[in-house]
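Visitor: File follows, entry.txt with compact mmCIF, C-alpha atoms and all ligand atoms:
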# COMPACT_ATOMS: atom_id res chain seq x y z
CA MET A 14 -26.32 12.85 -45.53
CA ASP A 15 -25.66 14.15 -42.01
CA GLY A 16 -28.87 15.60 -40.53
CA CYS A 17 -26.92 18.00 -38.34
CA LYS A 18 -25.23 19.57 -41.36
CA THR A 19 -28.59 19.89 -43.20
CA ASP A 20 -29.93 21.73 -40.17
CA GLN A 21 -27.11 24.26 -40.36
CA ARG A 22 -27.69 24.74 -44.12
CA ILE A 23 -31.36 25.54 -43.54
CA GLY A 24 -30.19 28.32 -41.26
CA ALA A 25 -28.08 29.62 -44.17
CA LEU A 26 -30.99 29.99 -46.75
CA SER A 27 -31.69 33.49 -48.09
CA LYS A 28 -35.06 35.11 -47.11
CA ARG A 29 -36.51 34.65 -50.64
CA GLU A 30 -35.40 31.01 -50.97
CA PHE A 31 -36.82 30.41 -47.55
CA ARG A 32 -40.26 31.91 -48.35
CA HIS A 33 -40.40 29.99 -51.64
CA ALA A 34 -39.62 26.72 -49.96
CA THR A 35 -42.04 27.13 -47.07
CA GLY A 36 -45.29 28.71 -48.46
CA SER A 37 -47.60 31.21 -46.58
CA ARG A 38 -46.28 33.14 -43.63
CA LYS A 39 -48.77 31.66 -41.12
CA HIS A 40 -48.20 28.06 -42.10
CA ARG A 41 -44.55 28.67 -42.63
CA LYS A 42 -43.95 29.41 -38.96
CA SER A 43 -45.38 26.17 -37.65
CA ARG A 44 -43.95 24.07 -40.50
CA VAL A 45 -40.51 25.49 -40.01
CA ALA A 46 -40.70 24.93 -36.25
CA LEU A 47 -41.83 21.34 -36.75
CA HIS A 48 -39.25 20.71 -39.40
CA SER A 49 -36.48 22.09 -37.25
CA ILE A 50 -37.57 20.04 -34.21
CA GLU A 51 -37.66 16.90 -36.34
CA ARG A 52 -34.22 17.63 -37.66
CA ARG A 53 -32.86 18.30 -34.19
CA VAL A 54 -34.33 15.08 -32.77
CA GLU A 55 -33.00 13.12 -35.76
CA CYS A 56 -29.59 14.73 -35.27
CA ARG A 57 -29.52 13.99 -31.55
CA MET A 58 -30.55 10.36 -32.14
CA ARG A 59 -27.83 9.94 -34.74
CA LYS A 60 -25.26 11.41 -32.35
CA GLN A 61 -26.45 9.10 -29.55
CA LYS A 62 -26.31 6.10 -31.88
CA ASN A 63 -22.73 6.98 -32.84
CA PHE A 64 -21.86 7.38 -29.17
CA PHE A 65 -23.26 3.93 -28.31
CA ILE A 66 -21.44 2.35 -31.26
CA LEU A 67 -18.21 3.96 -29.96
CA LEU A 68 -18.92 2.73 -26.41
CA SER A 69 -19.54 -0.86 -27.50
CA PHE A 70 -16.42 -0.72 -29.63
CA LEU A 71 -14.42 0.49 -26.62
CA SER A 72 -15.82 -2.13 -24.25
CA LEU A 73 -15.21 -4.86 -26.87
CA PHE A 74 -11.62 -3.92 -27.54
CA GLY A 75 -10.85 -2.29 -24.20
CA LEU A 76 -10.40 1.44 -23.49
CA ARG A 77 -6.68 0.86 -22.96
CA GLU A 78 -6.08 -0.42 -26.50
CA VAL A 79 -7.22 2.91 -27.85
CA GLY A 80 -5.17 4.72 -25.17
CA LEU A 81 -8.16 6.44 -23.57
CA ALA A 82 -7.54 8.36 -20.36
CA VAL A 83 -10.43 8.85 -17.94
CA PRO A 84 -10.75 12.03 -15.81
CA PHE A 85 -10.87 11.75 -12.00
CA THR A 86 -10.84 14.26 -9.16
CA ASP A 87 -8.44 13.34 -6.38
CA GLU A 88 -8.92 13.92 -2.63
CA LEU A 89 -7.38 17.40 -2.84
CA GLY A 90 -9.77 18.36 -5.65
CA ARG A 91 -7.11 18.08 -8.38
CA LYS A 92 -8.05 16.78 -11.84
CA VAL A 93 -6.14 13.62 -12.80
CA MET A 94 -6.34 11.81 -16.16
CA VAL A 95 -5.83 8.08 -15.67
CA VAL A 96 -5.28 5.62 -18.49
CA HIS A 97 -7.71 2.70 -18.39
CA PRO A 98 -6.64 0.59 -16.56
CA PRO A 99 -3.26 1.73 -15.18
CA GLN A 100 -0.59 -0.93 -15.64
CA ARG A 101 2.47 0.65 -13.97
CA ILE A 102 1.51 2.05 -10.59
CA ILE A 103 3.88 3.63 -8.05
CA SER A 104 2.72 3.94 -4.45
CA ILE A 105 4.49 6.48 -2.27
CA ALA A 106 2.82 5.53 1.03
CA PRO A 107 2.57 2.28 3.02
CA SER A 108 -1.21 2.77 3.34
CA VAL A 109 -1.65 3.06 -0.43
CA THR A 110 0.51 -0.02 -1.02
CA GLU A 111 -1.63 -2.01 1.42
CA ILE A 112 -4.81 -0.87 -0.33
CA LEU A 113 -3.46 -1.75 -3.79
CA PHE A 114 -2.45 -5.24 -2.66
CA ALA A 115 -5.84 -5.73 -0.97
CA LEU A 116 -7.41 -4.88 -4.35
CA ASN A 117 -5.27 -7.60 -5.99
CA LEU A 118 -3.23 -5.05 -7.90
CA GLY A 119 0.15 -6.26 -6.60
CA GLU A 120 1.36 -7.25 -10.07
CA ARG A 121 0.74 -3.78 -11.46
CA ILE A 122 2.84 -2.06 -8.77
CA VAL A 123 6.25 -1.10 -10.16
CA GLY A 124 7.52 0.97 -7.23
CA VAL A 125 6.85 1.60 -3.52
CA SER A 126 8.24 3.76 -0.71
CA SER A 127 10.99 2.42 1.52
CA TYR A 128 8.44 2.17 4.38
CA CYS A 129 6.13 -0.17 2.47
CA ASN A 130 6.55 -3.49 4.29
CA TYR A 131 3.09 -5.05 4.07
CA PRO A 132 2.10 -7.46 2.65
CA PRO A 133 5.54 -9.18 2.55
CA GLU A 134 5.47 -9.15 -1.31
CA ALA A 135 5.67 -5.34 -1.11
CA LYS A 136 9.27 -5.68 0.07
CA GLN A 137 10.22 -7.24 -3.31
CA LYS A 138 9.18 -4.11 -5.20
CA GLU A 139 11.50 -1.37 -6.44
CA ARG A 140 12.02 1.35 -3.76
CA VAL A 141 11.47 4.99 -4.70
CA GLY A 142 12.54 6.69 -1.45
CA GLY A 143 10.81 7.82 1.76
CA TYR A 144 7.12 8.57 2.01
CA ILE A 145 7.71 12.25 2.62
CA ASN A 146 10.88 12.47 0.51
CA PRO A 147 10.51 10.24 -2.57
CA SER A 148 13.10 10.30 -5.36
CA MET A 149 11.92 12.04 -8.52
CA GLU A 150 14.63 10.36 -10.62
CA LYS A 151 13.68 6.85 -9.50
CA ILE A 152 10.01 7.49 -10.15
CA VAL A 153 10.55 8.92 -13.63
CA ALA A 154 12.89 6.03 -14.55
CA LEU A 155 10.14 3.50 -13.78
CA HIS A 156 7.78 5.03 -16.40
CA PRO A 157 4.64 4.90 -14.23
CA ASP A 158 1.22 5.51 -15.75
CA LEU A 159 -0.13 6.37 -12.27
CA VAL A 160 1.49 7.57 -9.03
CA ILE A 161 -0.55 7.50 -5.81
CA GLN A 162 0.56 9.32 -2.67
CA THR A 163 -0.91 10.94 0.43
CA ALA A 164 -1.17 14.68 1.16
CA ASP A 165 1.11 14.16 4.17
CA GLY A 166 4.34 16.08 4.22
CA ASP A 167 5.10 19.06 2.07
CA LEU A 168 5.26 17.58 -1.41
CA LYS A 169 3.55 20.32 -3.41
CA THR A 170 6.66 21.19 -5.46
CA PHE A 171 7.32 17.52 -6.05
CA VAL A 172 3.74 16.99 -7.25
CA ASP A 173 3.92 20.03 -9.57
CA ARG A 174 7.17 18.82 -11.13
CA LEU A 175 5.87 15.30 -11.70
CA THR A 176 2.64 16.68 -13.18
CA SER A 177 4.61 18.92 -15.55
CA LEU A 178 6.35 15.78 -16.82
CA GLY A 179 2.95 14.35 -17.74
CA ILE A 180 2.90 11.72 -14.98
CA PRO A 181 -0.57 11.51 -13.39
CA ILE A 182 -0.56 11.72 -9.58
CA TYR A 183 -3.60 10.87 -7.49
CA ILE A 184 -3.41 12.23 -3.91
CA THR A 185 -5.33 10.67 -1.02
CA ASN A 186 -6.20 12.66 2.11
CA PRO A 187 -8.26 10.64 4.61
CA ARG A 188 -8.70 12.35 8.00
CA SER A 189 -11.33 10.09 9.60
CA VAL A 190 -12.21 6.40 9.59
CA ASN A 191 -15.08 7.09 7.17
CA GLU A 192 -12.73 8.98 4.89
CA VAL A 193 -10.31 6.04 4.97
CA MET A 194 -13.09 3.86 3.57
CA GLU A 195 -14.12 6.53 1.04
CA SER A 196 -10.50 6.82 0.00
CA ILE A 197 -10.31 3.04 -0.59
CA LEU A 198 -13.41 3.30 -2.81
CA LYS A 199 -11.83 6.17 -4.73
CA ILE A 200 -8.57 4.25 -5.23
CA GLY A 201 -10.78 1.39 -6.44
CA ALA A 202 -12.36 3.74 -8.98
CA VAL A 203 -9.06 5.17 -10.22
CA THR A 204 -7.62 1.68 -10.70
CA PHE A 205 -10.89 0.37 -12.18
CA THR A 206 -11.36 -2.20 -9.40
CA THR A 207 -14.61 -0.73 -8.04
CA LYS A 208 -16.25 -4.04 -7.14
CA GLY A 209 -13.22 -5.26 -5.15
CA ALA A 210 -13.07 -1.94 -3.28
CA GLU A 211 -16.77 -2.13 -2.41
CA ASN A 212 -16.35 -5.65 -1.02
CA LEU A 213 -13.30 -4.59 0.97
CA VAL A 214 -15.06 -1.58 2.47
CA GLY A 215 -18.18 -3.67 3.14
CA SER A 216 -16.22 -6.12 5.27
CA MET A 217 -14.44 -3.24 7.07
CA ARG A 218 -17.80 -1.67 7.93
CA GLU A 219 -19.09 -4.98 9.33
CA LYS A 220 -16.06 -5.37 11.61
CA ILE A 221 -16.32 -1.76 12.79
CA GLN A 222 -20.03 -2.15 13.57
CA ASP A 223 -19.35 -5.38 15.44
CA ILE A 224 -16.82 -3.65 17.72
CA GLN A 225 -19.11 -0.65 18.20
CA ARG A 226 -21.90 -3.00 19.29
CA ARG A 227 -19.65 -4.72 21.81
CA VAL A 228 -18.38 -1.56 23.51
CA GLN A 229 -21.74 0.23 23.52
CA GLY A 230 -22.91 1.31 26.96
CA GLN A 231 -19.52 0.61 28.60
CA PRO A 232 -17.60 3.18 30.65
CA GLN A 233 -15.45 5.38 28.39
CA PRO A 234 -11.90 5.67 29.71
CA ARG A 235 -9.76 8.76 29.04
CA VAL A 236 -7.16 7.74 26.45
CA LEU A 237 -3.83 9.24 25.40
CA HIS A 238 -2.27 8.14 22.12
CA ALA A 239 1.49 8.72 21.99
CA MET A 240 3.19 8.14 18.64
CA SER A 241 6.48 9.27 20.16
CA VAL A 242 7.81 10.40 23.52
CA ASP A 243 10.20 13.25 24.02
CA PRO A 244 8.70 15.10 22.19
CA LEU A 245 5.35 13.62 23.03
CA ILE A 246 3.29 13.70 19.83
CA SER A 247 -0.35 12.69 20.08
CA SER A 248 -3.37 12.47 17.77
CA GLY A 249 -6.00 15.19 18.05
CA LYS A 250 -9.34 15.90 16.44
CA GLY A 251 -9.43 15.53 12.66
CA THR A 252 -7.30 12.40 12.56
CA PHE A 253 -8.39 8.82 11.98
CA VAL A 254 -6.60 7.77 15.21
CA HIS A 255 -8.96 10.07 17.14
CA ASP A 256 -11.87 8.28 15.44
CA LEU A 257 -10.43 4.86 16.30
CA ILE A 258 -10.29 5.82 20.00
CA LEU A 259 -13.96 6.91 19.96
CA LEU A 260 -15.11 3.85 18.00
CA ALA A 261 -13.27 1.62 20.50
CA GLY A 262 -15.32 3.21 23.29
CA GLY A 263 -12.84 5.71 24.71
CA ARG A 264 -12.43 9.48 25.06
CA ASN A 265 -9.41 11.15 23.49
CA VAL A 266 -7.64 13.43 26.01
CA ALA A 267 -5.92 15.27 23.12
CA GLU A 268 -9.16 16.19 21.36
CA ASN A 269 -9.05 19.81 22.47
CA ALA A 270 -5.32 20.27 22.04
CA ARG A 271 -4.06 22.58 19.29
CA GLY A 272 -3.45 20.96 15.90
CA LYS A 273 -4.14 17.53 14.50
CA HIS A 274 -0.89 16.08 15.79
CA PRO A 275 -0.32 18.13 18.94
CA GLN A 276 2.94 18.10 20.81
CA LEU A 277 1.93 17.88 24.48
CA SER A 278 3.94 18.93 27.52
CA MET A 279 3.92 16.61 30.57
CA GLU A 280 2.02 19.29 32.50
CA GLU A 281 -0.75 19.09 29.90
CA VAL A 282 -0.77 15.29 30.06
CA MET A 283 -0.99 15.33 33.87
CA ALA A 284 -3.84 17.83 33.76
CA ARG A 285 -5.78 15.55 31.39
CA ASP A 286 -4.86 12.48 33.47
CA PRO A 287 -5.33 9.62 30.96
CA GLU A 288 -6.59 6.29 32.31
CA VAL A 289 -5.13 4.41 29.35
CA ILE A 290 -2.01 5.20 27.32
CA LEU A 291 -1.61 3.73 23.83
CA LEU A 292 1.92 3.60 22.51
CA SER A 293 2.63 3.18 18.81
CA ALA A 294 6.15 4.12 17.82
CA MET A 295 6.23 5.95 14.50
CA LEU A 296 9.31 4.01 13.51
CA SER A 297 9.69 0.33 14.28
CA SER A 298 13.28 0.95 15.44
CA ASP A 299 11.92 2.90 18.45
CA SER A 300 11.92 0.48 21.38
CA LEU A 301 8.51 0.13 23.03
CA GLN A 302 10.19 -1.36 26.09
CA ASP A 303 12.22 1.85 26.49
CA GLN A 304 9.09 3.95 26.02
CA LYS A 305 7.17 1.99 28.64
CA LYS A 306 10.08 2.44 31.06
CA TRP A 307 10.14 6.18 30.29
CA TRP A 308 6.52 6.53 31.45
CA GLN A 309 7.19 4.93 34.86
CA ARG A 310 8.57 8.20 36.22
CA TRP A 311 5.10 9.84 35.91
CA ARG A 312 3.32 8.08 38.79
CA GLU A 313 0.85 10.98 39.08
CA ILE A 314 -0.88 9.73 35.93
CA SER A 315 -3.71 7.21 36.46
CA ALA A 316 -2.68 5.00 33.50
CA VAL A 317 0.89 4.72 34.83
CA ARG A 318 -0.26 3.87 38.40
CA SER A 319 -2.68 1.21 37.18
CA GLY A 320 -0.23 -0.17 34.62
CA ARG A 321 -2.63 0.49 31.72
CA ILE A 322 0.02 1.33 29.13
CA TYR A 323 -0.43 -0.70 25.98
CA ALA A 324 1.68 -1.04 22.87
CA VAL A 325 -0.42 -1.09 19.70
CA GLU A 326 1.33 -2.13 16.52
CA ALA A 327 2.06 1.19 14.79
CA ASP A 328 1.46 -0.12 11.27
CA LEU A 329 -2.11 -1.01 12.27
CA ILE A 330 -3.13 2.42 13.50
CA LEU A 331 -0.85 4.94 11.79
CA ARG A 332 -1.75 3.86 8.27
CA PRO A 333 -5.11 4.75 6.71
CA SER A 334 -5.41 1.29 5.19
CA PRO A 335 -7.81 -1.71 5.46
CA ARG A 336 -5.80 -2.90 8.48
CA ILE A 337 -7.13 -0.07 10.67
CA VAL A 338 -9.95 -2.44 11.61
CA ARG A 339 -7.35 -4.71 13.22
CA GLY A 340 -5.91 -1.61 14.92
CA LEU A 341 -9.41 -0.76 16.14
CA GLU A 342 -9.76 -4.24 17.59
CA GLU A 343 -6.44 -3.87 19.43
CA ILE A 344 -7.46 -0.50 20.87
CA ALA A 345 -10.88 -1.84 21.92
CA ARG A 346 -9.18 -4.80 23.61
CA ALA A 347 -6.88 -2.43 25.51
CA LEU A 348 -9.82 -0.29 26.66
CA HIS A 349 -12.23 -3.15 27.41
CA PRO A 350 -10.12 -6.27 28.02
CA GLU A 351 -13.05 -8.15 29.55
CA LEU A 352 -15.21 -7.70 26.42
CA LEU A 353 -12.70 -8.54 23.74
CA LYS A 354 -10.68 -11.51 24.91
CA LYS A 355 -8.20 -12.92 22.36
C1 LIG B 401 2.00 13.35 12.34
C2 LIG B 401 2.81 12.34 11.60
C3 LIG B 401 2.13 11.29 10.98
C4 LIG B 401 0.61 11.25 10.87
C5 LIG B 401 0.08 12.17 9.80
C6 LIG B 401 1.04 12.52 8.73
C7 LIG B 401 0.91 13.95 8.22
N1 LIG B 401 -0.25 14.43 7.90
O1 LIG B 401 1.91 14.59 8.09
C8 LIG B 401 0.34 9.75 10.60
C9 LIG B 401 -0.09 9.11 11.89
C10 LIG B 401 -0.72 9.44 9.53
C11 LIG B 401 1.71 9.26 10.15
C12 LIG B 401 1.90 8.01 9.60
C13 LIG B 401 3.15 7.52 9.20
N2 LIG B 401 4.34 8.12 9.39
CO1 LIG B 401 4.53 9.88 10.15
N3 LIG B 401 4.96 11.52 10.98
C14 LIG B 401 4.21 12.41 11.55
C15 LIG B 401 5.11 13.49 12.19
C16 LIG B 401 5.24 13.20 13.66
C17 LIG B 401 4.65 14.92 12.01
C18 LIG B 401 4.29 15.31 10.57
C19 LIG B 401 3.61 16.61 10.57
O2 LIG B 401 3.94 17.52 11.27
N4 LIG B 401 2.58 16.73 9.75
C20 LIG B 401 1.81 17.93 9.69
C21 LIG B 401 1.76 18.51 8.27
C22 LIG B 401 3.08 18.48 7.53
O3 LIG B 401 0.85 17.69 7.54
P1 LIG B 401 -0.64 18.16 7.28
O4 LIG B 401 -1.27 18.70 8.48
O5 LIG B 401 -1.26 16.93 6.67
O6 LIG B 401 -0.52 19.32 6.20
C23 LIG B 401 0.15 19.18 5.00
C24 LIG B 401 -0.69 18.65 3.85
O7 LIG B 401 -2.00 19.06 3.96
C25 LIG B 401 0.05 19.22 2.71
N5 LIG B 401 -0.71 19.76 1.61
C26 LIG B 401 -1.58 20.78 1.59
N6 LIG B 401 -1.95 21.03 0.38
C27 LIG B 401 -1.30 20.17 -0.42
C28 LIG B 401 -1.30 20.04 -1.78
C29 LIG B 401 -0.51 19.05 -2.37
C30 LIG B 401 -0.51 18.94 -3.84
C31 LIG B 401 0.27 18.18 -1.53
C32 LIG B 401 1.07 17.09 -2.10
C33 LIG B 401 0.28 18.35 -0.14
C34 LIG B 401 -0.51 19.36 0.38
O8 LIG B 401 0.86 20.30 3.18
C35 LIG B 401 0.54 20.56 4.51
C36 LIG B 401 1.71 21.21 5.20
O9 LIG B 401 2.94 20.63 4.86
C37 LIG B 401 6.44 13.24 11.41
C38 LIG B 401 7.71 13.59 12.16
C39 LIG B 401 8.03 15.05 12.06
N7 LIG B 401 8.34 15.62 13.17
O10 LIG B 401 7.96 15.62 10.99
C40 LIG B 401 6.35 11.75 11.08
C41 LIG B 401 6.99 11.23 9.82
C42 LIG B 401 6.60 12.13 8.66
N8 LIG B 401 6.33 9.93 9.65
C43 LIG B 401 7.10 9.01 9.25
C44 LIG B 401 6.71 7.66 9.05
C45 LIG B 401 7.82 6.64 8.83
C46 LIG B 401 5.36 7.27 9.07
C47 LIG B 401 4.78 5.88 8.74
C48 LIG B 401 5.41 5.26 7.50
C49 LIG B 401 4.93 4.99 9.99
C50 LIG B 401 4.39 3.57 9.87
N9 LIG B 401 4.76 2.76 10.85
O11 LIG B 401 3.70 3.19 8.98
C51 LIG B 401 3.26 6.19 8.56
C52 LIG B 401 2.82 6.15 7.10
C53 LIG B 401 1.40 6.60 6.87
C54 LIG B 401 0.83 6.15 5.57
N10 LIG B 401 -0.02 6.96 4.97
O12 LIG B 401 1.06 5.06 5.10
C55 LIG B 401 8.49 9.51 9.00
C56 LIG B 401 8.73 9.71 7.51
C57 LIG B 401 10.15 9.41 7.10
C58 LIG B 401 10.36 9.61 5.62
N11 LIG B 401 11.55 10.03 5.30
O13 LIG B 401 9.52 9.40 4.79
C59 LIG B 401 8.50 10.82 9.86
C60 LIG B 401 9.41 11.95 9.35
C61 LIG B 401 8.92 10.39 11.28
C62 LIG B 401 10.39 10.08 11.40
N12 LIG B 401 11.06 10.69 12.30
O14 LIG B 401 10.95 9.30 10.69
N13 LIG B 401 2.68 10.16 10.43
Can the structure from this file be put into C-alpha cells for me?
Ligand code: B12

Guide:
Amino acid sequence: MDGCKTDQRIGALSKREFRHATGSRKHRKSRVALHSIERRVECRMRKQKNFFILLSFLSLFGLREVGLAVPFTDELGRKVMVVHPPQRIISIAPSVTEILFALNLGERIVGVSSYCNYPPEAKQKERVGGYINPSMEKIVALHPDLVIQTADGDLKTFVDRLTSLGIPIYITNPRSVNEVMESILKIGAVTFTTKGAENLVGSMREKIQDIQRRVQGQPQPRVLHAMSVDPLISSGKGTFVHDLILLAGGRNVAENARGKHPQLSMEEVMARDPEVILLSAMLSSDSLQDQKKWWQRWREISAVRSGRIYAVEADLILRPSPRIVRGLEEIARALHPELLKK
C-alpha cells in the first residue's frame, strides 16, 4: 500500500474513530506526532527511491528515447526546453557554428547562416539566410530540435514566431571575453557536451593568460579599432573587442565614446590620436588595401605617420568564438611586435 495515501487517510478519520484508535489524550498527542513523522519519512523515502529508479532507467535507456526535454535559461534570461541531446541543430551565427564544430557537433548541424564559413565543412551545410535576417521558411522546413542565435540585430519578432511554432531557440549574448567563454560553456550545457566545452574554455584561458603575461609591464599604446571606414565604426566599452585590446596590452581610444559600436567623426579620431589602428573589415569583400590607402590622407594621426596600421582578420576578432584567442594574439603582435614574433 502507498504510505503517502495512508497518511492522507489518517487525516480523514472522524474525531471518535481517532480517539478510539489512539488512546489517552496525553499519549495520543506524542504517538500521533511520531506516527505521522514515521509515515512522512517513509513516504519521502519511497518517493526518493522511485525517483532514483526513474533516473537509472533514463540513464540506461537515454533521456532522448523517452523524449525528455530539459529546461535551460538562455543568455537573455528566456526559458528554453531542449530535448536531450538535440540532434538537428540550426546555427544562425558564424560564432555559434564555430563553437558547435569545436565541440564536435558538426554532424548534428542541419543548417547555418550564409556567413558561416569556418571550419570549411560549415560551407557544406544548408544555408538559412543572413545572420541578422534568417529565413523562417527555411528554418521550419529543416525541422530543427534546437536553434541557436545571437542577440545581435533586431530579431525579437522572429524569435517570438519561431517559439510559437514550438521550435526551441537558445540566444547567446556575450559582451566581454569572459562572457564569450561563459557562453561556450552554456552552449556546451545545452548540447550536453559539457566536458568538451570545459576543455575548450580551459585551453582558451591558458592562451589568454600566456599573452597577458607577455605584455605585462609594457607601454600601452592608444588603439583605434575600425570595423569599417566611411562611416567609421569602432568598438567601445561593453564589447569583447574592447576587452581584446586591453588584454593585448593597449588602451582603447573609443572606450568613452557613446554606444558600444560608436560611429566616430574624423575630428574625434584626431582628438584621441591613436598610435595604432586595427582594421578588420566587417565583410570580406571590403578591400583592406583600399582602407589602408584611405587612412593615408590623415597624416595628423600618430598611427598614420608611423605606419602602424594593421589588418587583423575580421573573422578572428568580430566573432565571439574560440578563435578570439588567435585574434588576441594578432592584436598583441600588432601592439608589441618585439614581444610576439611569428
Ligand atoms: C556592430 C556590428 C557588429 C558587432 C555587434 C553586432 C550587434 N550587436 O549588432 C560585431 C562585431 C559582433 C559584429 C559581428 C559580425 N557582423 Co556585424 N555589424 C555590426 C553593425 C556595424 C552595426 C549593428 C548594430 O548597430 N548593432 C546595434 C544593435 C542592433 O545591437 P545591440 O546593441 O546588440 O542591441 C540589440 C540586441 O540587444 C537586441 N535584443 C534586445 N533584446 C532582445 C531580445 C531578443 C529575443 C532578441 C532576439 C534580440 C534582442 O535588440 C537590440 C536592438 O536591436 C552592422 C551594420 C549596420 N550598420 O547595421 C553589421 C552587420 C549586422 N554585421 C554583419 C556581419 C556580416 C557580421 C559578421 C558575420 C562578420 C564576420 N566577418 O564574421 C560578424 C558575425 C558575428 C557572429 N556572432 O558570428 C552584417 C550582417 C549581414 C546580414 N544580412 O546578416 C551587417 C549588416 C554589416 C553589413 N553591412 O553587411 N557585427

Visitor: Counting all atoms listed in the file, which protein, DNA or RNA residues come within 6 Å of ligand LIG 401 (chain B), given as a PDB file with C-alpha atoms, in the coordinates of the input?

Guide:
ATOM      1  CA  ALA A 106       2.820   5.530   1.030  1.00  0.00           C
ATOM      2  CA  PRO A 107       2.570   2.280   3.020  1.00  0.00           C
ATOM      3  CA  SER A 108      -1.210   2.770   3.340  1.00  0.00           C
ATOM      4  CA  TYR A 128       8.440   2.170   4.380  1.00  0.00           C
ATOM      5  CA  GLY A 143      10.810   7.820   1.760  1.00  0.00           C
ATOM      6  CA  TYR A 144       7.120   8.570   2.010  1.00  0.00           C
ATOM      7  CA  ILE A 145       7.710  12.250   2.620  1.00  0.00           C
ATOM      8  CA  ASN A 146      10.880  12.470   0.510  1.00  0.00           C
ATOM      9  CA  ALA A 164      -1.170  14.680   1.160  1.00  0.00           C
ATOM     10  CA  ASP A 165       1.110  14.160   4.170  1.00  0.00           C
ATOM     11  CA  GLY A 166       4.340  16.080   4.220  1.00  0.00           C
ATOM     12  CA  ASP A 167       5.100  19.060   2.070  1.00  0.00           C
ATOM     13  CA  LEU A 168       5.260  17.580  -1.410  1.00  0.00           C
ATOM     14  CA  LYS A 169       3.550  20.320  -3.410  1.00  0.00           C
ATOM     15  CA  VAL A 172       3.740  16.990  -7.250  1.00  0.00           C
ATOM     16  CA  HIS A 274      -0.890  16.080  15.790  1.00  0.00           C
ATOM     17  CA  MET A 295       6.230   5.950  14.500  1.00  0.00           C
ATOM     18  CA  LEU A 296       9.310   4.010  13.510  1.00  0.00           C
ATOM     19  CA  ALA A 327       2.060   1.190  14.790  1.00  0.00           C
ATOM     20  CA  ASP A 328       1.460  -0.120  11.270  1.00  0.00           C
ATOM     21  CA  LEU A 331      -0.850   4.940  11.790  1.00  0.00           C
ATOM     22  CA  ARG A 332      -1.750   3.860   8.270  1.00  0.00           C
ATOM     23  CA  PRO A 333      -5.110   4.750   6.710  1.00  0.00           C
TER      24      PRO A 333
END

Visitor: I'd like to know which of A:Val236, A:Lys273, A:Ile152, A:Glu192 is closest to Arg285 (chain A), using all atoms listed in the file.

Guide: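 Of the candidates, the smallest distance to Arg285 (chain A) is held by A:Val236.
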
Visitor: Hey, can you check how far CA of Arg174 (chain A) sits from CA of Glu111 (chain A)?

Guide: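 Going from CA of Arg174 (chain A) over to CA of Glu111 (chain A), I get 25.9 Å.
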
Visitor: Within 12 Å of (-7.7, -11.0, -5.7) (file coordinates; only C-alpha atoms), which protein or nucleic acid residues are there? I'd like them as a list of chain:residue names.

Guide: A:Ile112, A:Leu113, A:Phe114, A:Ala115, A:Leu116, A:Asn117, A:Leu118, A:Gly119, A:Glu120, A:Thr206, A:Lys208, A:Gly209, A:Ala210, A:Asn212, A:Leu213

Visitor: Write out as a list in words the residues lying within 12 Å of Asp243 (chain A), counting all atoms listed in the file and excluding same-chain residues fewer than 6 positions away.

Guide: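 Answer for this query is Gln276, Leu277, Ser278, Met279, Ala294, Asp299, Asp303, Gln304, Trp307 and Trp308 of chain A.
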
Visitor: Print the selection's residues with C-alpha atoms to a file, as an mmCIF file, keeping the file's coordinate frame.

Guide:
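The resulting file, selection_19.cif, is reproduced below:
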data_model
loop_
_atom_site.group_PDB
_atom_site.id
_atom_site.type_symbol
_atom_site.label_atom_id
_atom_site.label_comp_id
_atom_site.auth_asym_id
_atom_site.auth_seq_id
_atom_site.Cartn_x
_atom_site.Cartn_y
_atom_site.Cartn_z
ATOM 1 C CA GLN A 276 2.940 18.100 20.810
ATOM 2 C CA LEU A 277 1.930 17.880 24.480
ATOM 3 C CA SER A 278 3.940 18.930 27.520
ATOM 4 C CA MET A 279 3.920 16.610 30.570
ATOM 5 C CA ALA A 294 6.150 4.120 17.820
ATOM 6 C CA ASP A 299 11.920 2.900 18.450
ATOM 7 C CA ASP A 303 12.220 1.850 26.490
ATOM 8 C CA GLN A 304 9.090 3.950 26.020
ATOM 9 C CA TRP A 307 10.140 6.180 30.290
ATOM 10 C CA TRP A 308 6.520 6.530 31.450
#

Visitor: Give the answer as one residue: which of A:Pro98, A:Pro350, A:Pro187, A:Pro84 has the shortest atom-to-atom distance to Thr204 (chain A), using only C-alpha atoms?

Guide: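 For Thr204 (chain A), the nearest of the given residues is A:Pro98.
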
Visitor: Need the shell around Ala345 (chain A): protein/DNA/RNA residues with any atom at most 10 Å away, counting only C-alpha atoms. Skip same-chain ones fewer than 4 positions apart. Format as a list in words?

Guide: Ile224, Gln225, Arg227, Val228, Leu257, Ile258, Leu259, Leu260, Ala261, Gly262, Gly263, Arg339, Gly340, Leu341, His349, Pro350, Leu352 and Leu353 of chain A

Visitor: I need the residue nearest Glu288 (chain A) from this list: A:Asp173, A:Glu342, A:Glu351, A:Glu313. Use all atoms listed in the file for the distance.

Guide: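 Looking only at the distances to Glu288 (chain A), the closest residue turns out to be A:Glu313.
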
Visitor: At a cut-off of 9 Å around the point (12.0, -4.2, -6.3) (file coordinates), what residues fall inside when counting all atoms listed in the file? I'd like the answer as a VMD selection string.

Guide: chain A and resid 123 to 125 135 to 140

Visitor: With C-alpha atoms retained, write the just-selected residues as a PDB file, in the coordinates of the input.

Guide:
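Saved as out.pdb:
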ATOM      1  CA  VAL A 123       6.250  -1.100 -10.160  1.00  0.00           C
ATOM      2  CA  GLY A 124       7.520   0.970  -7.230  1.00  0.00           C
ATOM      3  CA  VAL A 125       6.850   1.600  -3.520  1.00  0.00           C
ATOM      4  CA  ALA A 135       5.670  -5.340  -1.110  1.00  0.00           C
ATOM      5  CA  LYS A 136       9.270  -5.680   0.070  1.00  0.00           C
ATOM      6  CA  GLN A 137      10.220  -7.240  -3.310  1.00  0.00           C
ATOM      7  CA  LYS A 138       9.180  -4.110  -5.200  1.00  0.00           C
ATOM      8  CA  GLU A 139      11.500  -1.370  -6.440  1.00  0.00           C
ATOM      9  CA  ARG A 140      12.020   1.350  -3.760  1.00  0.00           C
TER      10      ARG A 140
END

Visitor: Could you tell me how far CA of Ala284 (chain A) sits from CA of Glu326 (chain A), in Å to one decimal place?

Guide: 26.9 Å

Visitor: What's the separation between CA of Asn265 (chain A) and CA of Ser196 (chain A), in Å to one decimal place?

Guide: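 Distance reported for this atom pair: 23.9 Å.
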